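Structure data follow from query-v9.pdb (PDB, C-alpha atoms):
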```pdb
ATOM      1  CA  ASP A1416      64.757 173.914 158.279  1.00  0.00           C
ATOM      2  CA  SER A1417      61.399 172.129 158.655  1.00  0.00           C
ATOM      3  CA  GLY A1418      61.551 170.541 155.220  1.00  0.00           C
ATOM      4  CA  VAL A1419      58.353 172.304 154.119  1.00  0.00           C
ATOM      5  CA  THR A1420      58.999 174.625 151.199  1.00  0.00           C
ATOM      6  CA  GLN A1421      56.770 177.533 150.251  1.00  0.00           C
ATOM      7  CA  THR A1422      56.962 179.851 147.269  1.00  0.00           C
ATOM      8  CA  PRO A1423      56.936 182.736 146.755  1.00  0.00           C
ATOM      9  CA  LYS A1424      58.248 184.150 150.020  1.00  0.00           C
ATOM     10  CA  HIS A1425      56.913 187.605 149.300  1.00  0.00           C
ATOM     11  CA  LEU A1426      54.220 188.765 146.915  1.00  0.00           C
ATOM     12  CA  ILE A1427      52.739 192.185 146.272  1.00  0.00           C
ATOM     13  CA  THR A1428      49.654 192.399 144.106  1.00  0.00           C
ATOM     14  CA  ALA A1429      46.734 194.690 143.415  1.00  0.00           C
ATOM     15  CA  THR A1430      43.156 194.393 144.556  1.00  0.00           C
ATOM     16  CA  GLY A1431      41.021 192.223 142.321  1.00  0.00           C
ATOM     17  CA  GLN A1432      43.929 190.091 141.191  1.00  0.00           C
ATOM     18  CA  ARG A1433      44.508 186.353 141.616  1.00  0.00           C
ATOM     19  CA  VAL A1434      47.595 184.657 143.059  1.00  0.00           C
ATOM     20  CA  THR A1435      48.755 181.107 143.627  1.00  0.00           C
ATOM     21  CA  LEU A1436      50.822 180.056 146.605  1.00  0.00           C
ATOM     22  CA  ARG A1437      52.756 176.805 146.353  1.00  0.00           C
ATOM     23  CA  CYS A1438      53.829 174.314 148.970  1.00  0.00           C
ATOM     24  CA  SER A1439      56.019 171.239 148.937  1.00  0.00           C
ATOM     25  CA  PRO A1440      55.513 169.131 152.063  1.00  0.00           C
ATOM     26  CA  ARG A1441      58.216 167.209 153.857  1.00  0.00           C
ATOM     27  CA  SER A1442      59.255 164.089 152.034  1.00  0.00           C
ATOM     28  CA  GLY A1443      56.748 161.349 152.747  1.00  0.00           C
ATOM     29  CA  ASP A1444      54.175 163.536 154.478  1.00  0.00           C
ATOM     30  CA  LEU A1445      50.673 162.884 153.184  1.00  0.00           C
ATOM     31  CA  SER A1446      48.802 165.632 155.001  1.00  0.00           C
ATOM     32  CA  VAL A1447      49.012 169.311 154.076  1.00  0.00           C
ATOM     33  CA  TYR A1448      47.456 172.180 156.022  1.00  0.00           C
ATOM     34  CA  TRP A1449      47.060 175.842 155.089  1.00  0.00           C
ATOM     35  CA  TYR A1450      46.888 178.567 157.717  1.00  0.00           C
ATOM     36  CA  GLN A1451      46.487 182.324 157.522  1.00  0.00           C
ATOM     37  CA  GLN A1452      48.221 184.589 160.038  1.00  0.00           C
ATOM     38  CA  SER A1453      47.059 188.175 160.366  1.00  0.00           C
ATOM     39  CA  LEU A1454      47.358 190.753 163.126  1.00  0.00           C
ATOM     40  CA  ASP A1455      43.651 190.880 163.869  1.00  0.00           C
ATOM     41  CA  GLN A1456      42.731 187.190 163.386  1.00  0.00           C
ATOM     42  CA  GLY A1457      45.840 185.408 164.597  1.00  0.00           C
ATOM     43  CA  LEU A1458      46.561 181.949 163.199  1.00  0.00           C
ATOM     44  CA  GLN A1459      43.491 180.654 161.389  1.00  0.00           C
ATOM     45  CA  PHE A1460      43.138 177.215 159.849  1.00  0.00           C
ATOM     46  CA  LEU A1461      42.013 177.380 156.241  1.00  0.00           C
ATOM     47  CA  ILE A1462      41.988 173.900 154.762  1.00  0.00           C
ATOM     48  CA  GLN A1463      43.591 170.452 154.918  1.00  0.00           C
ATOM     49  CA  TYR A1464      44.343 167.869 152.271  1.00  0.00           C
ATOM     50  CA  TYR A1465      45.292 164.279 152.861  1.00  0.00           C
ATOM     51  CA  ASN A1466      46.806 162.237 150.048  1.00  0.00           C
ATOM     52  CA  GLY A1467      45.100 164.336 147.411  1.00  0.00           C
ATOM     53  CA  GLU A1468      41.679 164.571 149.023  1.00  0.00           C
ATOM     54  CA  GLU A1469      40.187 167.456 150.969  1.00  0.00           C
ATOM     55  CA  ARG A1470      39.848 166.348 154.586  1.00  0.00           C
ATOM     56  CA  ALA A1471      38.830 169.458 156.515  1.00  0.00           C
ATOM     57  CA  LYS A1472      37.794 172.987 155.788  1.00  0.00           C
ATOM     58  CA  GLY A1473      38.066 175.900 158.161  1.00  0.00           C
ATOM     59  CA  ASN A1474      37.557 179.619 157.801  1.00  0.00           C
ATOM     60  CA  ILE A1475      38.354 179.692 154.122  1.00  0.00           C
ATOM     61  CA  LEU A1476      36.634 182.269 151.956  1.00  0.00           C
ATOM     62  CA  GLU A1477      34.784 181.190 148.820  1.00  0.00           C
ATOM     63  CA  ARG A1478      37.271 183.287 146.818  1.00  0.00           C
ATOM     64  CA  PHE A1479      40.016 180.942 148.017  1.00  0.00           C
ATOM     65  CA  SER A1480      40.565 177.379 146.875  1.00  0.00           C
ATOM     66  CA  ALA A1481      43.255 174.772 147.221  1.00  0.00           C
ATOM     67  CA  GLN A1482      44.297 171.435 145.839  1.00  0.00           C
ATOM     68  CA  GLN A1483      46.864 168.729 146.433  1.00  0.00           C
ATOM     69  CA  PHE A1484      48.460 167.077 143.462  1.00  0.00           C
ATOM     70  CA  PRO A1485      49.511 163.432 142.966  1.00  0.00           C
ATOM     71  CA  ASP A1486      53.097 164.301 143.885  1.00  0.00           C
ATOM     72  CA  LEU A1487      51.623 165.692 147.168  1.00  0.00           C
ATOM     73  CA  HIS A1488      52.555 169.300 146.594  1.00  0.00           C
ATOM     74  CA  SER A1489      49.741 171.743 147.228  1.00  0.00           C
ATOM     75  CA  GLU A1490      48.579 175.083 145.896  1.00  0.00           C
ATOM     76  CA  LEU A1491      46.405 177.732 147.509  1.00  0.00           C
ATOM     77  CA  ASN A1492      44.606 179.972 145.033  1.00  0.00           C
ATOM     78  CA  LEU A1493      43.417 183.380 146.171  1.00  0.00           C
ATOM     79  CA  SER A1494      41.208 185.358 143.803  1.00  0.00           C
ATOM     80  CA  SER A1495      39.426 188.718 143.684  1.00  0.00           C
ATOM     81  CA  LEU A1496      41.906 189.867 146.258  1.00  0.00           C
ATOM     82  CA  GLU A1497      40.964 192.505 148.799  1.00  0.00           C
ATOM     83  CA  LEU A1498      43.122 194.637 151.065  1.00  0.00           C
ATOM     84  CA  GLY A1499      42.065 192.495 154.012  1.00  0.00           C
ATOM     85  CA  ASP A1500      43.600 189.412 152.432  1.00  0.00           C
ATOM     86  CA  SER A1501      47.051 190.780 153.173  1.00  0.00           C
ATOM     87  CA  ALA A1502      48.562 188.257 155.566  1.00  0.00           C
ATOM     88  CA  LEU A1503      51.184 185.590 156.068  1.00  0.00           C
ATOM     89  CA  TYR A1504      50.043 182.266 154.647  1.00  0.00           C
ATOM     90  CA  PHE A1505      51.576 179.130 156.084  1.00  0.00           C
ATOM     91  CA  CYS A1506      51.670 175.678 154.667  1.00  0.00           C
ATOM     92  CA  ALA A1507      52.301 172.804 157.060  1.00  0.00           C
ATOM     93  CA  SER A1508      52.597 169.061 156.715  1.00  0.00           C
ATOM     94  CA  SER A1509      52.449 165.961 158.850  1.00  0.00           C
ATOM     95  CA  PRO A1510      53.062 162.284 158.134  1.00  0.00           C
ATOM     96  CA  GLN A1511      49.552 160.887 158.287  1.00  0.00           C
ATOM     97  CA  GLY A1512      47.373 163.548 159.812  1.00  0.00           C
ATOM     98  CA  SER A1513      47.028 161.482 162.969  1.00  0.00           C
ATOM     99  CA  SER A1514      46.418 162.674 166.472  1.00  0.00           C
ATOM    100  CA  GLY A1515      49.661 163.626 168.167  1.00  0.00           C
ATOM    101  CA  ASN A1516      51.608 163.830 164.915  1.00  0.00           C
ATOM    102  CA  THR A1517      53.884 166.827 164.815  1.00  0.00           C
ATOM    103  CA  ILE A1518      52.821 169.344 162.210  1.00  0.00           C
ATOM    104  CA  TYR A1519      55.778 171.033 160.514  1.00  0.00           C
ATOM    105  CA  PHE A1520      55.429 174.555 159.180  1.00  0.00           C
ATOM    106  CA  GLY A1521      57.054 176.267 156.253  1.00  0.00           C
ATOM    107  CA  GLU A1522      58.490 179.789 156.357  1.00  0.00           C
ATOM    108  CA  GLY A1523      55.298 181.236 154.963  1.00  0.00           C
ATOM    109  CA  SER A1524      54.328 183.402 152.004  1.00  0.00           C
ATOM    110  CA  TRP A1525      53.869 187.083 152.745  1.00  0.00           C
ATOM    111  CA  LEU A1526      51.017 188.474 150.665  1.00  0.00           C
ATOM    112  CA  THR A1527      50.512 192.222 150.420  1.00  0.00           C
ATOM    113  CA  VAL A1528      47.461 193.477 148.543  1.00  0.00           C
ATOM    114  CA  VAL A1529      47.642 197.129 147.519  1.00  0.00           C
TER     115      VAL A1529
ATOM    116  CA  ALA B 704      35.466 172.051 170.401  1.00  0.00           C
ATOM    117  CA  GLN B 705      39.070 172.273 171.414  1.00  0.00           C
ATOM    118  CA  SER B 706      40.511 175.640 172.360  1.00  0.00           C
ATOM    119  CA  VAL B 707      43.481 177.211 174.059  1.00  0.00           C
ATOM    120  CA  THR B 708      43.847 180.488 175.892  1.00  0.00           C
ATOM    121  CA  GLN B 709      47.147 182.251 176.329  1.00  0.00           C
ATOM    122  CA  LEU B 710      47.189 184.753 179.159  1.00  0.00           C
ATOM    123  CA  GLY B 711      49.221 187.840 178.385  1.00  0.00           C
ATOM    124  CA  SER B 712      49.841 189.035 174.859  1.00  0.00           C
ATOM    125  CA  HIS B 713      53.215 190.411 175.959  1.00  0.00           C
ATOM    126  CA  VAL B 714      55.613 189.202 178.633  1.00  0.00           C
ATOM    127  CA  SER B 715      58.804 191.071 179.478  1.00  0.00           C
ATOM    128  CA  VAL B 716      61.647 189.560 181.488  1.00  0.00           C
ATOM    129  CA  SER B 717      65.240 190.446 182.211  1.00  0.00           C
ATOM    130  CA  GLU B 718      68.018 188.364 180.758  1.00  0.00           C
ATOM    131  CA  GLY B 719      68.724 185.529 183.175  1.00  0.00           C
ATOM    132  CA  ALA B 720      65.267 185.633 184.746  1.00  0.00           C
ATOM    133  CA  LEU B 721      62.664 182.892 184.754  1.00  0.00           C
ATOM    134  CA  VAL B 722      60.381 182.724 181.736  1.00  0.00           C
ATOM    135  CA  LEU B 723      56.769 181.682 182.342  1.00  0.00           C
ATOM    136  CA  LEU B 724      54.265 181.723 179.490  1.00  0.00           C
ATOM    137  CA  ARG B 725      50.760 180.610 180.367  1.00  0.00           C
ATOM    138  CA  CYS B 726      48.440 178.371 178.399  1.00  0.00           C
ATOM    139  CA  ASN B 727      45.104 176.894 179.399  1.00  0.00           C
ATOM    140  CA  TYR B 728      43.210 174.440 177.268  1.00  0.00           C
ATOM    141  CA  SER B 729      39.686 173.240 176.836  1.00  0.00           C
ATOM    142  CA  SER B 730      39.250 169.720 175.563  1.00  0.00           C
ATOM    143  CA  SER B 731      36.558 167.059 175.609  1.00  0.00           C
ATOM    144  CA  VAL B 732      39.163 164.286 175.555  1.00  0.00           C
ATOM    145  CA  PRO B 733      42.762 163.892 176.773  1.00  0.00           C
ATOM    146  CA  PRO B 734      44.512 166.490 174.651  1.00  0.00           C
ATOM    147  CA  TYR B 735      47.623 166.595 172.562  1.00  0.00           C
ATOM    148  CA  LEU B 736      49.280 169.947 173.279  1.00  0.00           C
ATOM    149  CA  PHE B 737      52.055 171.822 171.552  1.00  0.00           C
ATOM    150  CA  TRP B 738      54.192 174.913 171.947  1.00  0.00           C
ATOM    151  CA  TYR B 739      55.587 176.598 168.854  1.00  0.00           C
ATOM    152  CA  VAL B 740      57.932 179.571 168.571  1.00  0.00           C
ATOM    153  CA  GLN B 741      57.997 182.148 165.799  1.00  0.00           C
ATOM    154  CA  TYR B 742      61.123 184.266 165.454  1.00  0.00           C
ATOM    155  CA  PRO B 743      60.821 187.517 163.500  1.00  0.00           C
ATOM    156  CA  ASN B 744      60.192 186.931 159.808  1.00  0.00           C
ATOM    157  CA  GLN B 745      60.330 183.173 160.217  1.00  0.00           C
ATOM    158  CA  GLY B 746      57.935 180.264 160.289  1.00  0.00           C
ATOM    159  CA  LEU B 747      56.644 178.304 163.268  1.00  0.00           C
ATOM    160  CA  GLN B 748      59.113 175.975 164.939  1.00  0.00           C
ATOM    161  CA  LEU B 749      58.060 173.219 167.317  1.00  0.00           C
ATOM    162  CA  LEU B 750      59.406 173.689 170.839  1.00  0.00           C
ATOM    163  CA  LEU B 751      57.785 170.689 172.470  1.00  0.00           C
ATOM    164  CA  LYS B 752      54.658 168.562 172.538  1.00  0.00           C
ATOM    165  CA  TYR B 753      52.631 166.621 175.091  1.00  0.00           C
ATOM    166  CA  THR B 754      51.186 163.291 174.044  1.00  0.00           C
ATOM    167  CA  SER B 755      50.404 161.794 177.478  1.00  0.00           C
ATOM    168  CA  ALA B 756      53.691 159.906 177.897  1.00  0.00           C
ATOM    169  CA  ALA B 757      54.930 162.210 180.672  1.00  0.00           C
ATOM    170  CA  THR B 758      53.446 165.271 182.322  1.00  0.00           C
ATOM    171  CA  LEU B 759      56.741 167.189 182.261  1.00  0.00           C
ATOM    172  CA  VAL B 760      57.876 167.685 178.705  1.00  0.00           C
ATOM    173  CA  LYS B 761      61.321 168.928 177.785  1.00  0.00           C
ATOM    174  CA  GLY B 762      61.827 170.771 174.555  1.00  0.00           C
ATOM    175  CA  ILE B 763      64.506 172.533 172.609  1.00  0.00           C
ATOM    176  CA  ASN B 764      66.526 175.543 173.745  1.00  0.00           C
ATOM    177  CA  GLY B 765      66.057 174.743 177.449  1.00  0.00           C
ATOM    178  CA  PHE B 766      62.274 175.109 177.472  1.00  0.00           C
ATOM    179  CA  GLU B 767      59.928 172.740 179.235  1.00  0.00           C
ATOM    180  CA  ALA B 768      56.215 172.550 179.940  1.00  0.00           C
ATOM    181  CA  GLU B 769      54.138 170.762 182.531  1.00  0.00           C
ATOM    182  CA  PHE B 770      50.732 169.268 181.795  1.00  0.00           C
ATOM    183  CA  LYS B 771      48.345 169.741 184.716  1.00  0.00           C
ATOM    184  CA  LYS B 772      45.000 168.114 184.120  1.00  0.00           C
ATOM    185  CA  SER B 773      43.433 169.481 187.294  1.00  0.00           C
ATOM    186  CA  GLU B 774      44.237 173.013 186.188  1.00  0.00           C
ATOM    187  CA  THR B 775      43.764 172.386 182.429  1.00  0.00           C
ATOM    188  CA  SER B 776      47.100 174.103 181.958  1.00  0.00           C
ATOM    189  CA  PHE B 777      50.236 173.595 179.902  1.00  0.00           C
ATOM    190  CA  HIS B 778      52.498 176.473 180.890  1.00  0.00           C
ATOM    191  CA  LEU B 779      55.879 176.945 179.221  1.00  0.00           C
ATOM    192  CA  THR B 780      58.932 177.726 181.342  1.00  0.00           C
ATOM    193  CA  LYS B 781      62.643 178.326 181.015  1.00  0.00           C
ATOM    194  CA  PRO B 782      64.841 178.864 184.076  1.00  0.00           C
ATOM    195  CA  SER B 783      67.019 181.585 182.590  1.00  0.00           C
ATOM    196  CA  ALA B 784      66.043 183.823 179.694  1.00  0.00           C
ATOM    197  CA  HIS B 785      68.478 184.632 176.931  1.00  0.00           C
ATOM    198  CA  MET B 786      68.292 187.522 174.525  1.00  0.00           C
ATOM    199  CA  SER B 787      67.849 185.027 171.688  1.00  0.00           C
ATOM    200  CA  ASP B 788      64.572 183.819 173.261  1.00  0.00           C
ATOM    201  CA  ALA B 789      62.803 187.006 172.189  1.00  0.00           C
ATOM    202  CA  ALA B 790      60.056 185.784 169.878  1.00  0.00           C
ATOM    203  CA  GLU B 791      56.345 185.003 169.742  1.00  0.00           C
ATOM    204  CA  TYR B 792      55.197 181.802 171.362  1.00  0.00           C
ATOM    205  CA  PHE B 793      52.052 179.901 170.464  1.00  0.00           C
ATOM    206  CA  CYS B 794      50.272 177.210 172.406  1.00  0.00           C
ATOM    207  CA  ALA B 795      48.165 174.794 170.371  1.00  0.00           C
ATOM    208  CA  VAL B 796      45.871 171.830 170.857  1.00  0.00           C
ATOM    209  CA  SER B 797      45.227 169.080 168.339  1.00  0.00           C
ATOM    210  CA  GLU B 798      41.652 168.860 167.091  1.00  0.00           C
ATOM    211  CA  VAL B 799      39.827 165.620 167.854  1.00  0.00           C
ATOM    212  CA  ASP B 800      38.191 165.192 164.463  1.00  0.00           C
ATOM    213  CA  SER B 801      39.828 163.364 161.568  1.00  0.00           C
ATOM    214  CA  SER B 802      41.809 166.430 160.548  1.00  0.00           C
ATOM    215  CA  TYR B 803      43.898 166.579 163.746  1.00  0.00           C
ATOM    216  CA  LYS B 804      44.555 170.170 162.800  1.00  0.00           C
ATOM    217  CA  LEU B 805      46.070 172.511 165.347  1.00  0.00           C
ATOM    218  CA  ILE B 806      43.964 175.093 167.129  1.00  0.00           C
ATOM    219  CA  PHE B 807      46.223 177.943 168.185  1.00  0.00           C
ATOM    220  CA  GLY B 808      46.109 180.420 170.994  1.00  0.00           C
ATOM    221  CA  SER B 809      46.514 184.110 170.274  1.00  0.00           C
ATOM    222  CA  GLY B 810      50.221 184.046 171.029  1.00  0.00           C
ATOM    223  CA  THR B 811      52.498 185.674 173.606  1.00  0.00           C
ATOM    224  CA  ARG B 812      55.325 187.956 172.575  1.00  0.00           C
ATOM    225  CA  LEU B 813      58.336 187.496 174.833  1.00  0.00           C
ATOM    226  CA  LEU B 814      60.585 190.505 175.299  1.00  0.00           C
ATOM    227  CA  VAL B 815      63.973 190.006 176.967  1.00  0.00           C
ATOM    228  CA  ARG B 816      65.596 193.041 178.530  1.00  0.00           C
ATOM    229  CA  PRO B 817      69.389 193.214 178.814  1.00  0.00           C
TER     230      PRO B 817
END
```
Write out the structure in this file as C-alpha cells.
Amino acid sequence: DSGVTQTPKHLITATGQRVTLRCSPRSGDLSVYWYQQSLDQGLQFLIQYYNGEERAKGNILERFSAQQFPDLHSELNLSSLELGDSALYFCASSPQGSSGNTIYFGEGSWLTVV
Amino acid sequence: AQSVTQLGSHVSVSEGALVLLRCNYSSSVPPYLFWYVQYPNQGLQLLLKYTSAATLVKGINGFEAEFKKSETSFHLTKPSAHMSDAAEYFCAVSEVDSSYKLIFGSGTRLLVRP
C-alpha cells in the first residue's frame, strides 16, 4: 500500500459526459501528479500541483482540468469525454516535489468511455 | 529534455534464469533514475532508485540495477527469476525542471516460463 488513495477504482461512462477522479496523497506529501496510462501512449504526465498551486503541465487536453484543495487532496476533471479518453489514470504524490524524491503511485482509476 | 529508452517490449525467461531488463537514459545533468513494477491490475510500485550515492543499487524482491555513466545505462537485473516476477517494468528519469516529474520509458513486460 503506497498510501495514495484514488477513487473510483473503475468508472464506465458515455461519450460526451463529465467525470471527476479523486486522489488523496500520502500524509504530509505536498506534491501531487496525475498521469494517464493507455496502450498506445504509455505513461503520460498530465499535470502537477504543489501545495495547492499548479506547478507543471504536460500533455493535458483542454477538456481536462485539475485542482488541489487546501487539505491537499486533488481532483482531475474530464469533460466532453471521447472514446479515446478510456485509460488508466494514476495519481501520485511526493513529499516536496524535489529532485530525487520518490514519487508514490496510487492504484489508479480505470475509465471506460462507451 | 530527459528521456529513457527501454529495449524490448517483452522479455521471456525461464524460472530460475537471470533477468535482464535494459534501460538507457538521456540527460543533460547527472540523473535520478528509477525502476517501477506494475503487477496486473495494480498501480506502480517502486523497485529501486539511483540518486548518485552508489552505482549499484539494490531494490526490493532481489532486484538490483547498475548505473553506468559511460554507457548511459541503468539496466535492471535479478539472478534468478520467480513466477511472481511476471509483471511490467518501467524505467524512469526525474525531470530537471521544478516539477521533478518522472519521464517513463515504454515499459518491458516480463514473462516467466515454468
- Can you pull out every residue within 8 Å of Lys1472 of chain A, counting all atoms listed in the file, but drop anything in the same chain fewer than 3 positions away, and send it as a PyMOL selection string? chain A and resi 1460-1463+1469+1475
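Coordinates place atom CA of Lys771 of chain B at a distance of 28.1 Å from atom CA of Ala1507 of chain A.
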Can you list what the PyMOL selection byres ((chain B) within 12 of (chain A)) grabs from this structure, as an mmCIF file with C-alpha atoms, in the frame of the given file?
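Listing of expr16.cif after writing:
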```cif
data_model
loop_
_atom_site.group_PDB
_atom_site.id
_atom_site.type_symbol
_atom_site.label_atom_id
_atom_site.label_comp_id
_atom_site.auth_asym_id
_atom_site.auth_seq_id
_atom_site.Cartn_x
_atom_site.Cartn_y
_atom_site.Cartn_z
ATOM 1 C CA SER B 712 49.841 189.035 174.859
ATOM 2 C CA VAL B 732 39.163 164.286 175.555
ATOM 3 C CA PRO B 733 42.762 163.892 176.773
ATOM 4 C CA PRO B 734 44.512 166.490 174.651
ATOM 5 C CA TYR B 735 47.623 166.595 172.562
ATOM 6 C CA LEU B 736 49.280 169.947 173.279
ATOM 7 C CA PHE B 737 52.055 171.822 171.552
ATOM 8 C CA TRP B 738 54.192 174.913 171.947
ATOM 9 C CA TYR B 739 55.587 176.598 168.854
ATOM 10 C CA VAL B 740 57.932 179.571 168.571
ATOM 11 C CA GLN B 741 57.997 182.148 165.799
ATOM 12 C CA TYR B 742 61.123 184.266 165.454
ATOM 13 C CA PRO B 743 60.821 187.517 163.500
ATOM 14 C CA ASN B 744 60.192 186.931 159.808
ATOM 15 C CA GLN B 745 60.330 183.173 160.217
ATOM 16 C CA GLY B 746 57.935 180.264 160.289
ATOM 17 C CA LEU B 747 56.644 178.304 163.268
ATOM 18 C CA GLN B 748 59.113 175.975 164.939
ATOM 19 C CA LEU B 749 58.060 173.219 167.317
ATOM 20 C CA LEU B 750 59.406 173.689 170.839
ATOM 21 C CA LEU B 751 57.785 170.689 172.470
ATOM 22 C CA LYS B 752 54.658 168.562 172.538
ATOM 23 C CA TYR B 753 52.631 166.621 175.091
ATOM 24 C CA THR B 754 51.186 163.291 174.044
ATOM 25 C CA SER B 755 50.404 161.794 177.478
ATOM 26 C CA ALA B 756 53.691 159.906 177.897
ATOM 27 C CA GLU B 791 56.345 185.003 169.742
ATOM 28 C CA TYR B 792 55.197 181.802 171.362
ATOM 29 C CA PHE B 793 52.052 179.901 170.464
ATOM 30 C CA CYS B 794 50.272 177.210 172.406
ATOM 31 C CA ALA B 795 48.165 174.794 170.371
ATOM 32 C CA VAL B 796 45.871 171.830 170.857
ATOM 33 C CA SER B 797 45.227 169.080 168.339
ATOM 34 C CA GLU B 798 41.652 168.860 167.091
ATOM 35 C CA VAL B 799 39.827 165.620 167.854
ATOM 36 C CA ASP B 800 38.191 165.192 164.463
ATOM 37 C CA SER B 801 39.828 163.364 161.568
ATOM 38 C CA SER B 802 41.809 166.430 160.548
ATOM 39 C CA TYR B 803 43.898 166.579 163.746
ATOM 40 C CA LYS B 804 44.555 170.170 162.800
ATOM 41 C CA LEU B 805 46.070 172.511 165.347
ATOM 42 C CA ILE B 806 43.964 175.093 167.129
ATOM 43 C CA PHE B 807 46.223 177.943 168.185
ATOM 44 C CA GLY B 808 46.109 180.420 170.994
ATOM 45 C CA SER B 809 46.514 184.110 170.274
ATOM 46 C CA GLY B 810 50.221 184.046 171.029
ATOM 47 C CA THR B 811 52.498 185.674 173.606
#
```
- So which residues get picked by the PyMOL selection byres ((chain B and resi 783) around 12) here, written as an NGL selection string? :B and (716-723 or 764-767 or 780-782 or 784-788 or 815)
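Between Gly1467 of chain A and the residues A:Ile1427, A:Leu1445, A:Ala1502, A:Cys1438, the shortest atom-to-atom distance, using all atoms listed in the file, involves A:Leu1445.
By chain and then residue number, the residues within 10 Å of Thr1527 of chain A are His1425, Leu1426, Ile1427, Thr1428, Ala1429, Thr1430, Leu1496, Glu1497, Leu1498, Gly1499, Asp1500, Ser1501, Ala1502, Leu1503 and Ser1524 of chain A, counting only C-alpha atoms and disregarding those fewer than 3 positions away in sequence.
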- With the file shown as input, list the residues that the PyMOL selection byres ((chain A and resi 1489) around 9) selects, as a list of chain:residue names. A:Leu1436, A:Arg1437, A:Cys1438, A:Ser1439, A:Pro1440, A:Val1447, A:Tyr1464, A:Gly1467, A:Ala1481, A:Gln1482, A:Gln1483, A:Phe1484, A:Asp1486, A:Leu1487, A:His1488, A:Glu1490, A:Leu1491, A:Cys1506
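The nearest approach to Thr1435 of chain A among the residues A:Ser1480, A:Asn1466, A:Thr1420, A:Asn1492, with only C-alpha atoms taken into account, belongs to A:Asn1492.
Atom CA of Ala790 of chain B to atom CA of Thr708 of chain B spans 18.1 Å [interatomic distance, one decimal].
Going from atom CA of Ala757 of chain B to atom CA of Ser776 of chain B covers 14.3 Å.
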Missing atoms in segment 748-765 of chain B need filling: write out N, CA and C atoms for it as an mmCIF file, in the frame of the given file.
```cif
data_model
loop_
_atom_site.group_PDB
_atom_site.id
_atom_site.type_symbol
_atom_site.label_atom_id
_atom_site.label_comp_id
_atom_site.auth_asym_id
_atom_site.auth_seq_id
_atom_site.Cartn_x
_atom_site.Cartn_y
_atom_site.Cartn_z
ATOM 1 N N GLN B 748 58.214 177.081 164.616
ATOM 2 C CA GLN B 748 59.113 175.975 164.939
ATOM 3 C C GLN B 748 58.595 175.275 166.194
ATOM 4 N N LEU B 749 58.531 173.962 166.161
ATOM 5 C CA LEU B 749 58.060 173.219 167.317
ATOM 6 C C LEU B 749 59.064 173.283 168.454
ATOM 7 N N LEU B 750 58.576 173.699 169.630
ATOM 8 C CA LEU B 750 59.406 173.689 170.839
ATOM 9 C C LEU B 750 59.283 172.361 171.570
ATOM 10 N N LEU B 751 58.045 171.939 171.762
ATOM 11 C CA LEU B 751 57.785 170.689 172.470
ATOM 12 C C LEU B 751 56.333 170.294 172.274
ATOM 13 N N LYS B 752 56.044 169.014 172.619
ATOM 14 C CA LYS B 752 54.658 168.562 172.538
ATOM 15 C C LYS B 752 54.362 167.578 173.648
ATOM 16 N N TYR B 753 53.118 167.536 174.073
ATOM 17 C CA TYR B 753 52.631 166.621 175.091
ATOM 18 C C TYR B 753 51.701 165.618 174.431
ATOM 19 N N THR B 754 52.040 164.335 174.622
ATOM 20 C CA THR B 754 51.186 163.291 174.044
ATOM 21 C C THR B 754 50.841 162.233 175.082
ATOM 22 N N SER B 755 50.840 162.605 176.335
ATOM 23 C CA SER B 755 50.404 161.794 177.478
ATOM 24 C C SER B 755 51.466 160.841 178.000
ATOM 25 N N ALA B 756 52.643 160.813 177.415
ATOM 26 C CA ALA B 756 53.691 159.906 177.897
ATOM 27 C C ALA B 756 54.241 160.361 179.246
ATOM 28 N N ALA B 757 54.393 161.671 179.426
ATOM 29 C CA ALA B 757 54.930 162.210 180.672
ATOM 30 C C ALA B 757 54.365 163.602 180.849
ATOM 31 N N THR B 758 54.073 163.967 182.098
ATOM 32 C CA THR B 758 53.446 165.271 182.322
ATOM 33 C C THR B 758 54.435 166.423 182.199
ATOM 34 N N LEU B 759 55.722 166.157 182.440
ATOM 35 C CA LEU B 759 56.741 167.189 182.261
ATOM 36 C C LEU B 759 57.447 166.910 180.945
ATOM 37 N N VAL B 760 57.342 167.857 180.048
ATOM 38 C CA VAL B 760 57.876 167.685 178.705
ATOM 39 C C VAL B 760 59.044 168.630 178.504
ATOM 40 N N LYS B 761 60.151 168.092 178.068
ATOM 41 C CA LYS B 761 61.321 168.928 177.785
ATOM 42 C C LYS B 761 61.409 169.171 176.296
ATOM 43 N N GLY B 762 61.743 170.413 175.956
ATOM 44 C CA GLY B 762 61.827 170.771 174.555
ATOM 45 C C GLY B 762 63.203 171.286 174.186
ATOM 46 N N ILE B 763 63.236 171.990 173.072
ATOM 47 C CA ILE B 763 64.506 172.533 172.609
ATOM 48 C C ILE B 763 64.820 173.846 173.299
ATOM 49 N N ASN B 764 66.077 174.245 173.231
ATOM 50 C CA ASN B 764 66.526 175.543 173.745
ATOM 51 C C ASN B 764 66.268 175.732 175.238
ATOM 52 N N GLY B 765 66.201 174.651 176.004
ATOM 53 C CA GLY B 765 66.057 174.743 177.449
ATOM 54 C C GLY B 765 64.642 174.954 177.952
#
```
